[in-house]
file run_3.csv (CSV, C-alpha atoms)
chain,number,residue,atom,x,y,z
A,137,MET,CA,-33.4,22.0,12.0
A,138,THR,CA,-29.8,20.8,11.8
A,139,THR,CA,-29.4,17.2,10.6
A,140,PRO,CA,-27.2,15.2,13.0
A,141,PRO,CA,-24.1,13.4,11.7
A,142,GLY,CA,-24.8,9.8,10.5
A,143,TRP,CA,-25.3,7.4,7.7
A,144,TYR,CA,-28.1,8.4,5.2
A,145,PRO,CA,-29.3,7.0,1.9
A,146,ASP,CA,-27.0,8.2,-0.9
A,147,PRO,CA,-29.3,10.2,-3.3
A,148,ALA,CA,-27.0,9.2,-6.2
A,149,ALA,CA,-26.8,5.5,-5.4
A,150,PRO,CA,-29.8,3.8,-3.7
A,151,SER,CA,-27.8,0.7,-2.8
A,152,LEU,CA,-25.3,2.9,-0.7
A,153,GLU,CA,-25.4,5.0,2.3
A,154,ARG,CA,-23.2,8.1,2.7
A,155,TRP,CA,-21.8,9.8,5.8
A,156,TRP,CA,-23.2,13.2,6.7
A,157,ASP,CA,-20.8,15.0,9.1
A,158,GLY,CA,-23.5,17.5,10.3
A,159,ALA,CA,-22.5,20.1,7.7
A,160,ALA,CA,-21.6,18.4,4.5
A,161,TRP,CA,-21.5,15.0,2.7
A,162,THR,CA,-18.2,13.3,3.1
A,163,GLU,CA,-16.4,10.8,0.8
A,164,HIS,CA,-17.3,7.8,2.9
A,165,THR,CA,-19.9,5.3,1.6
A,166,ARG,CA,-21.0,1.8,2.6
A,167,ALA,CA,-23.6,-0.8,1.5
A,168,ALA,CA,-27.1,0.2,2.6
A,169,GLY,CA,-28.1,-1.4,5.9
A,170,THR,CA,-24.6,-2.3,7.0
A,171,PRO,CA,-24.6,-2.8,10.8
A,172,GLY,CA,-22.0,-2.0,13.3
A,173,ALA,CA,-20.3,1.0,11.6
A,174,PRO,CA,-19.6,4.1,13.8
A,175,GLY,CA,-22.3,6.7,14.2
A,176,PRO,CA,-25.5,5.1,12.7
A,177,ALA,CA,-28.0,7.7,11.8
A,178,ASP,CA,-31.4,7.9,13.5
A,179,ALA,CA,-34.0,6.8,11.0
A,180,ALA,CA,-36.4,9.5,12.3
A,181,ALA,CA,-33.8,12.3,11.9
A,182,PRO,CA,-34.4,14.8,9.2
A,183,GLN,CA,-32.6,14.0,6.0
A,184,PRO,CA,-29.6,16.1,4.9
A,185,PRO,CA,-29.8,18.0,1.6
A,186,ALA,CA,-29.4,15.9,-1.5
A,187,PRO,CA,-26.2,16.6,-3.4
A,188,THR,CA,-26.8,18.9,-6.4
A,189,GLY,CA,-23.4,18.6,-7.9
A,190,GLU,CA,-21.9,15.5,-9.5
A,191,ALA,CA,-24.6,13.2,-8.1
A,192,SER,CA,-27.5,15.1,-9.7
A,193,GLY,CA,-25.4,15.4,-12.9
A,194,ARG,CA,-25.3,11.7,-13.3
A,195,ALA,CA,-29.1,11.5,-13.4
A,196,LYS,CA,-29.1,14.1,-16.1
A,197,VAL,CA,-26.7,12.0,-18.2
A,198,VAL,CA,-29.2,9.1,-18.1
A,199,ALA,CA,-32.1,11.3,-19.1
A,200,LEU,CA,-30.4,13.5,-21.7
A,201,GLY,CA,-27.8,11.2,-23.2
A,202,ALA,CA,-24.8,12.8,-24.9
A,203,ALA,CA,-26.3,16.3,-25.0
A,204,GLY,CA,-26.8,16.2,-21.2
A,205,LEU,CA,-23.2,15.4,-20.6
A,206,VAL,CA,-22.2,18.9,-21.5
A,207,LEU,CA,-24.5,20.2,-18.8
A,208,VAL,CA,-23.2,17.7,-16.3
A,209,THR,CA,-19.6,18.7,-17.0
A,210,ALA,CA,-20.5,22.3,-16.3
A,211,ILE,CA,-22.3,21.4,-13.1
A,212,VAL,CA,-19.4,19.3,-11.7
A,213,THR,CA,-16.6,21.8,-12.7
A,214,GLY,CA,-14.7,22.7,-9.6
A,215,VAL,CA,-16.3,19.9,-7.5
A,216,PHE,CA,-13.6,18.0,-5.6
A,217,ALA,CA,-14.4,14.5,-4.4
A,218,LEU,CA,-12.6,11.6,-2.9
A,219,GLY,CA,-13.8,8.0,-3.1
A,220,GLY,CA,-15.3,7.1,0.3
A,221,GLY,CA,-16.4,4.1,2.3
A,222,GLY,CA,-14.7,1.4,4.3
A,223,GLU,CA,-14.4,-2.3,4.9
A,224,PRO,CA,-17.3,-4.7,5.9
A,225,GLY,CA,-18.3,-5.2,9.5
A,226,PRO,CA,-19.1,-6.1,12.1
A,227,GLY,CA,-17.7,-9.4,13.5
A,228,PRO,CA,-15.6,-10.6,16.4
A,229,GLY,CA,-13.0,-8.1,17.2
A,230,PRO,CA,-12.2,-5.0,15.1
A,231,THR,CA,-13.9,-4.7,11.7
A,232,THR,CA,-13.6,-2.2,9.0
A,233,SER,CA,-16.3,-0.9,6.6
A,234,ALA,CA,-16.2,-1.5,2.8
A,235,PRO,CA,-18.4,-1.8,-0.2
A,236,GLU,CA,-20.0,-5.2,-1.1
A,237,SER,CA,-19.7,-4.6,-4.9
A,238,PRO,CA,-16.8,-3.7,-7.2
A,239,THR,CA,-15.8,-0.1,-7.6
A,240,ASP,CA,-18.0,1.7,-10.0
A,241,PRO,CA,-16.5,4.8,-11.7
A,242,GLU,CA,-19.9,6.4,-11.6
A,243,SER,CA,-20.0,6.2,-7.8
A,244,THR,CA,-17.7,9.1,-7.2
A,245,PRO,CA,-19.4,11.0,-4.3
A,246,ALA,CA,-20.7,14.5,-4.5
A,247,THR,CA,-20.6,17.3,-1.9
A,248,SER,CA,-23.4,19.3,-0.3
A,249,PRO,CA,-24.4,22.5,-2.0
A,250,THR,CA,-24.0,24.3,1.3
A,251,ALA,CA,-20.5,23.1,2.2
A,252,SER,CA,-17.5,21.4,0.7
A,253,PRO,CA,-14.7,19.1,2.1
A,254,THR,CA,-11.4,20.5,3.0
A,255,THR,CA,-9.3,21.2,-0.1
A,256,ASP,CA,-5.8,21.5,1.5
A,257,THR,CA,-3.5,20.6,-1.4
A,258,ASN,CA,-0.8,19.4,0.9
A,259,ALA,CA,-3.0,16.9,2.9
A,260,LEU,CA,-5.3,13.9,2.5
A,261,VAL,CA,-8.3,14.6,4.8
A,262,ASP,CA,-10.4,11.9,6.3
A,263,GLN,CA,-13.5,13.8,7.5
A,264,LEU,CA,-15.2,10.8,9.1
A,265,ASN,CA,-12.3,10.0,11.4
A,266,GLY,CA,-11.2,13.6,11.9
A,267,ILE,CA,-7.6,13.2,10.7
A,268,SER,CA,-5.4,14.5,7.9
A,269,LEU,CA,-2.3,12.9,6.4
A,270,PRO,CA,0.5,14.9,4.7
A,271,LEU,CA,0.9,14.5,1.0
A,272,LEU,CA,4.6,14.1,0.4
A,273,ASP,CA,6.4,15.2,-2.8
A,274,GLY,CA,5.6,12.8,-5.6
A,275,TRP,CA,2.3,11.7,-4.0
A,276,GLU,CA,-1.3,12.6,-4.9
A,277,ARG,CA,-4.9,11.8,-3.9
A,278,ALA,CA,-6.4,8.8,-5.6
A,279,GLU,CA,-9.4,10.0,-7.7
A,280,ARG,CA,-11.4,6.7,-7.5
A,281,PRO,CA,-9.8,4.5,-4.8
A,282,ALA,CA,-10.8,0.8,-5.1
A,283,ASP,CA,-11.7,0.5,-1.4
A,284,ARG,CA,-13.8,3.7,-1.4
A,285,VAL,CA,-11.7,5.2,1.4
A,286,PRO,CA,-9.5,8.4,1.5
A,287,THR,CA,-6.3,7.2,-0.3
A,288,ALA,CA,-3.0,8.7,-1.4
A,289,VAL,CA,-0.8,7.1,-4.1
A,290,THR,CA,2.5,7.8,-5.7
A,291,GLU,CA,2.3,9.7,-8.9
A,292,ASP,CA,4.4,7.1,-10.8
A,293,GLU,CA,2.4,4.1,-12.1
A,294,TYR,CA,3.2,0.9,-14.1
A,295,GLU,CA,1.4,-2.0,-15.6
A,296,CYS,CA,0.7,-4.6,-12.9
A,297,PRO,CA,2.7,-7.8,-13.6
A,298,GLY,CA,-0.4,-10.0,-13.1
A,299,THR,CA,-3.1,-8.0,-14.9
A,300,THR,CA,-3.4,-5.2,-17.5
A,301,ALA,CA,-4.4,-2.8,-14.7
A,302,LEU,CA,-2.1,0.0,-13.6
A,303,CYS,CA,-0.3,-0.3,-10.2
A,304,ARG,CA,1.2,2.4,-8.0
A,305,THR,CA,4.5,1.9,-6.2
A,306,GLY,CA,3.0,3.3,-3.0
A,307,ARG,CA,-0.5,3.5,-1.5
A,308,VAL,CA,-1.8,4.8,1.8
A,309,GLY,CA,-5.5,4.6,2.9
A,310,THR,CA,-7.5,5.4,6.1
A,311,TYR,CA,-10.2,3.1,7.4
A,312,SER,CA,-12.8,3.3,10.1
A,313,VAL,CA,-12.8,0.6,12.7
A,314,THR,CA,-15.4,-0.5,15.2
A,315,ALA,CA,-13.7,-2.5,18.0
A,316,ASP,CA,-15.1,-4.2,21.1
A,317,GLY,CA,-14.4,-2.7,24.6
A,318,ASN,CA,-11.3,-4.9,25.1
A,319,ALA,CA,-9.6,-4.0,21.9
A,320,THR,CA,-6.3,-2.1,22.0
A,321,ALA,CA,-4.4,-0.3,19.2
A,322,ARG,CA,-2.0,-3.3,19.2
A,323,SER,CA,-4.7,-5.9,18.9
A,324,VAL,CA,-6.4,-3.9,16.1
A,325,ALA,CA,-3.1,-3.5,14.2
A,326,GLU,CA,-2.2,-7.2,14.6
A,327,GLN,CA,-5.6,-8.3,13.2
A,328,ASP,CA,-5.7,-5.8,10.4
A,329,ILE,CA,-2.3,-6.6,8.9
A,330,VAL,CA,-3.5,-9.8,7.5
A,331,GLU,CA,-6.3,-8.2,5.5
A,332,ALA,CA,-4.1,-5.3,4.6
A,333,ALA,CA,-1.4,-7.6,3.1
A,334,GLU,CA,-4.0,-9.6,1.2
A,335,ARG,CA,-5.7,-6.6,-0.2
A,336,ALA,CA,-2.5,-4.9,-1.3
A,337,TYR,CA,-0.6,-7.8,-2.8
A,338,ASP,CA,-2.8,-10.9,-3.1
A,339,ARG,CA,-6.4,-10.1,-4.3
A,340,ASP,CA,-7.8,-6.6,-4.6
A,341,SER,CA,-11.3,-5.4,-3.7
A,342,ILE,CA,-12.7,-6.4,-7.2
A,343,GLY,CA,-11.1,-9.8,-7.3
A,344,ARG,CA,-8.0,-9.1,-9.4
A,345,ARG,CA,-4.6,-10.5,-8.6
A,346,PRO,CA,-2.2,-7.7,-9.7
A,347,TYR,CA,0.9,-9.6,-8.6
A,348,ASN,CA,-0.4,-13.1,-9.3
A,349,GLY,CA,-0.9,-13.6,-5.6
A,350,MET,CA,1.0,-13.3,-2.3
A,351,LYS,CA,3.4,-16.2,-1.7
A,352,ASP,CA,4.9,-15.5,1.7
A,353,HIS,CA,5.3,-12.8,4.4
A,354,ARG,CA,7.4,-12.1,7.5
A,355,GLU,CA,7.1,-9.5,10.2
A,356,VAL,CA,10.0,-7.0,10.0
A,357,ASP,CA,8.9,-4.4,12.6
A,358,SER,CA,6.3,-3.5,15.1
A,359,GLY,CA,5.8,-1.3,18.1
A,360,ARG,CA,4.2,1.6,19.8
A,361,VAL,CA,4.0,5.1,18.3
A,362,GLU,CA,2.3,8.4,19.1
A,363,VAL,CA,-0.1,9.5,16.4
A,364,ALA,CA,-2.0,12.8,16.5
A,365,GLY,CA,-1.5,12.9,20.3
A,366,ALA,CA,-2.8,9.4,20.9
A,367,ALA,CA,-1.0,6.1,21.7
A,368,GLY,CA,-0.9,3.9,18.6
A,369,HIS,CA,0.6,0.7,17.4
A,370,PHE,CA,2.0,-0.5,14.1
A,371,VAL,CA,2.8,-3.9,12.5
A,372,ARG,CA,5.0,-4.1,9.3
A,373,TRP,CA,5.3,-7.1,7.0
A,374,ARG,CA,7.6,-7.8,4.1
A,375,VAL,CA,5.6,-9.6,1.5
A,376,THR,CA,6.8,-11.8,-1.3
A,377,THR,CA,4.6,-12.2,-4.4
A,378,ALA,CA,4.4,-14.6,-7.4
A,379,SER,CA,5.2,-11.7,-9.8
A,380,GLY,CA,6.8,-8.3,-9.3
A,381,PRO,CA,9.1,-7.1,-6.5
A,382,GLY,CA,6.6,-7.7,-3.6
A,383,GLY,CA,6.6,-5.0,-1.0
A,384,TYR,CA,6.1,-3.8,2.6
A,385,VAL,CA,2.7,-3.5,4.2
A,386,GLN,CA,2.0,-1.7,7.5
A,387,SER,CA,-1.1,-1.4,9.6
A,388,LEU,CA,-1.1,1.5,12.0
A,389,ALA,CA,-4.0,1.7,14.6
A,390,PHE,CA,-4.8,4.5,17.0
A,391,PRO,CA,-7.9,5.9,18.8
A,392,ALA,CA,-10.1,8.1,16.6
A,393,PRO,CA,-9.9,11.8,17.6
A,394,SER,CA,-13.7,11.8,18.0
A,395,GLY,CA,-13.2,9.9,21.3
A,396,ALA,CA,-16.2,7.7,20.7
A,397,ALA,CA,-16.0,4.4,22.6
A,398,GLY,CA,-14.6,1.6,20.5
A,399,SER,CA,-13.8,4.0,17.6
A,400,MET,CA,-10.4,3.5,16.1
A,401,VAL,CA,-8.6,4.4,12.9
A,402,VAL,CA,-6.4,2.2,10.8
A,403,VAL,CA,-4.0,3.6,8.3
A,404,ARG,CA,-2.7,1.0,5.8
A,405,PHE,CA,0.5,1.5,4.0
A,406,ALA,CA,1.6,-0.6,0.9
A,407,PHE,CA,5.1,0.2,-0.5
A,408,ASP,CA,6.6,-1.8,-3.4
A,409,ALA,CA,10.0,-3.2,-2.7
A,410,GLY,CA,13.0,-2.8,-5.0
A,411,PRO,CA,14.7,0.3,-6.4
A,412,ASP,CA,11.5,1.7,-7.9
A,413,GLY,CA,9.5,1.6,-4.6
A,414,PRO,CA,9.2,4.6,-2.3
A,415,PRO,CA,11.7,4.8,0.6
A,416,LEU,CA,10.4,3.2,3.8
A,417,SER,CA,11.3,6.4,5.6
A,418,ALA,CA,8.2,7.9,4.0
A,419,ILE,CA,6.0,5.7,6.2
A,420,ASP,CA,7.5,7.4,9.3
A,421,ARG,CA,7.2,10.8,7.8
A,422,ILE,CA,3.5,10.3,7.0
A,423,THR,CA,2.9,8.7,10.5
A,424,HIS,CA,4.4,11.6,12.3
A,425,GLY,CA,2.6,14.1,10.1
A,426,ILE,CA,-0.9,12.8,10.9
A,427,ARG,CA,-3.0,15.5,12.6
A,428,SER,CA,-6.4,15.7,14.2
A,429,THR,CA,-8.9,18.0,12.4
A,430,ARG,CA,-11.3,18.1,15.3

call {"tool": "encode", "arguments": {"input": "run_3.csv", "output": "structure tokens"}}
result
Amino acid sequence: MTTPPGWYPDPAAPSLERWWDGAAWTEHTRAAGTPGAPGPADAAAPQPPAPTGEASGRAKVVALGAAGLVLVTAIVTGVFALGGGGEPGPGPGPTTSAPESPTDPESTPATSPTASPTTDTNALVDQLNGISLPLLDGWERAERPADRVPTAVTEDEYECPGTTALCRTGRVGTYSVTADGNATARSVAEQDIVEAAERAYDRDSIGRRPYNGMKDHREVDSGRVEVAGAAGHFVRWRVTTASGPGGYVQSLAFPAPSGAAGSMVVVRFAFDAGPDGPPLSAIDRITHGIRSTR
């Protein structure tokens, strides 16, 4: 019996649920019992197969210690995984799904033994929302994104001016959004830009302030744009920080290719300003290169 798509308990992390797309585990996770996210699983539905790759390997590490690590390494060789999840929800208006606890390096998701996610080396694939973003020259997938969502980052990194952590000059992430029936791409983007700016340049998902906080912002651009054949809207801010060059933040919202009522996607861009930051033209190139995978 085929297990329908939905959120199911993550065999590797009891406090999390992972999205099963009907054929394979995806990179998306959320806190167990989170309400309001798209496509909740039926509690009576048959459970999808437990991952037997990296997730089961972590259990062996606990049981076998250092010797077991060799076996785990062999098991996970060739397994490709992105960090998954989203922002918390729901609430009035659009909300995004996200973890309730700091990123744990041990929470890297595993794939189903019967199927694996798309491994296109030139694209960042968001299986839950059914879209792909082009990976430009000098960009790569983030191995363990802090927000547990599909994320692309620039290859160059530097020590954050406000912490000892490493920062990237450019970041792009995709988020699932559940909006009410009156929400539009414009209203979703206008509401999301506040959180996008704070998360990128004020305080990150685990409480650090990599730029010693955001000091000011101003809107520099906004408007309608076609994304993957759908009518979208974007809002772009120029952000000033206490340390570092500051940067540009953009929230791009558009209906999810799945066509589910109230289901939208937000793509967040964060580009450092100054000569070391990526060109703003890359935002347009990525936007126009977004494709539906459905």

call {"tool": "closest_residue", "arguments": {"input": "run_3.csv", "among": "A:Gly298, A:Pro145, A:Gly169, A:Pro270", "to": "A:Tyr337", "atoms": "all atoms listed in the file"}}
result
A:Gly298

call {"tool": "atom_distance", "arguments": {"input": "run_3.csv", "atom1": "atom CA of A:Asp273", "atom2": "atom CA of A:Ala366"}}
result
26.1 Å

call {"tool": "closest_residue", "arguments": {"input": "run_3.csv", "among": "A:Asp340, A:Asp157, A:Glu331, A:Asp412", "to": "A:Asp283", "atoms": "all atoms listed in the file"}}
result
A:Asp340

call {"tool": "residues_around", "arguments": {"input": "run_3.csv", "residues": "stretch 424-429 of chain A", "least_positions_apart": "4", "cutoff": "6 Å", "atoms": "all atoms listed in the file", "output": "PyMOL selection string"}}
result
chain A and resi 266-270+364

call {"tool": "closest_residue", "arguments": {"input": "run_3.csv", "among": "A:Phe390, A:Tyr311, A:Trp373, A:Phe407", "to": "A:Val289", "atoms": "all atoms listed in the file"}}
result
A:Phe407

call {"tool": "atom_distance", "arguments": {"input": "run_3.csv", "atom1": "atom CA of A:Val324", "atom2": "atom CA of A:Phe405"}}
result
14.9 Å

call {"tool": "residues_around", "arguments": {"input": "run_3.csv", "residues": "stretch 344-346 of chain A", "least_positions_apart": "2", "cutoff": "8 Å", "atoms": "all atoms listed in the file", "output": "list of chain:residue names"}}
result
A:Cys296, A:Pro297, A:Gly298, A:Thr299, A:Ala301, A:Cys303, A:Tyr337, A:Asp338, A:Arg339, A:Asp340, A:Ser341, A:Ile342, A:Asn348, A:Gly349

call {"tool": "atom_distance", "arguments": {"input": "run_3.csv", "atom1": "atom CA of A:Ala325", "atom2": "atom CA of A:Pro391"}}
result
11.5 Å
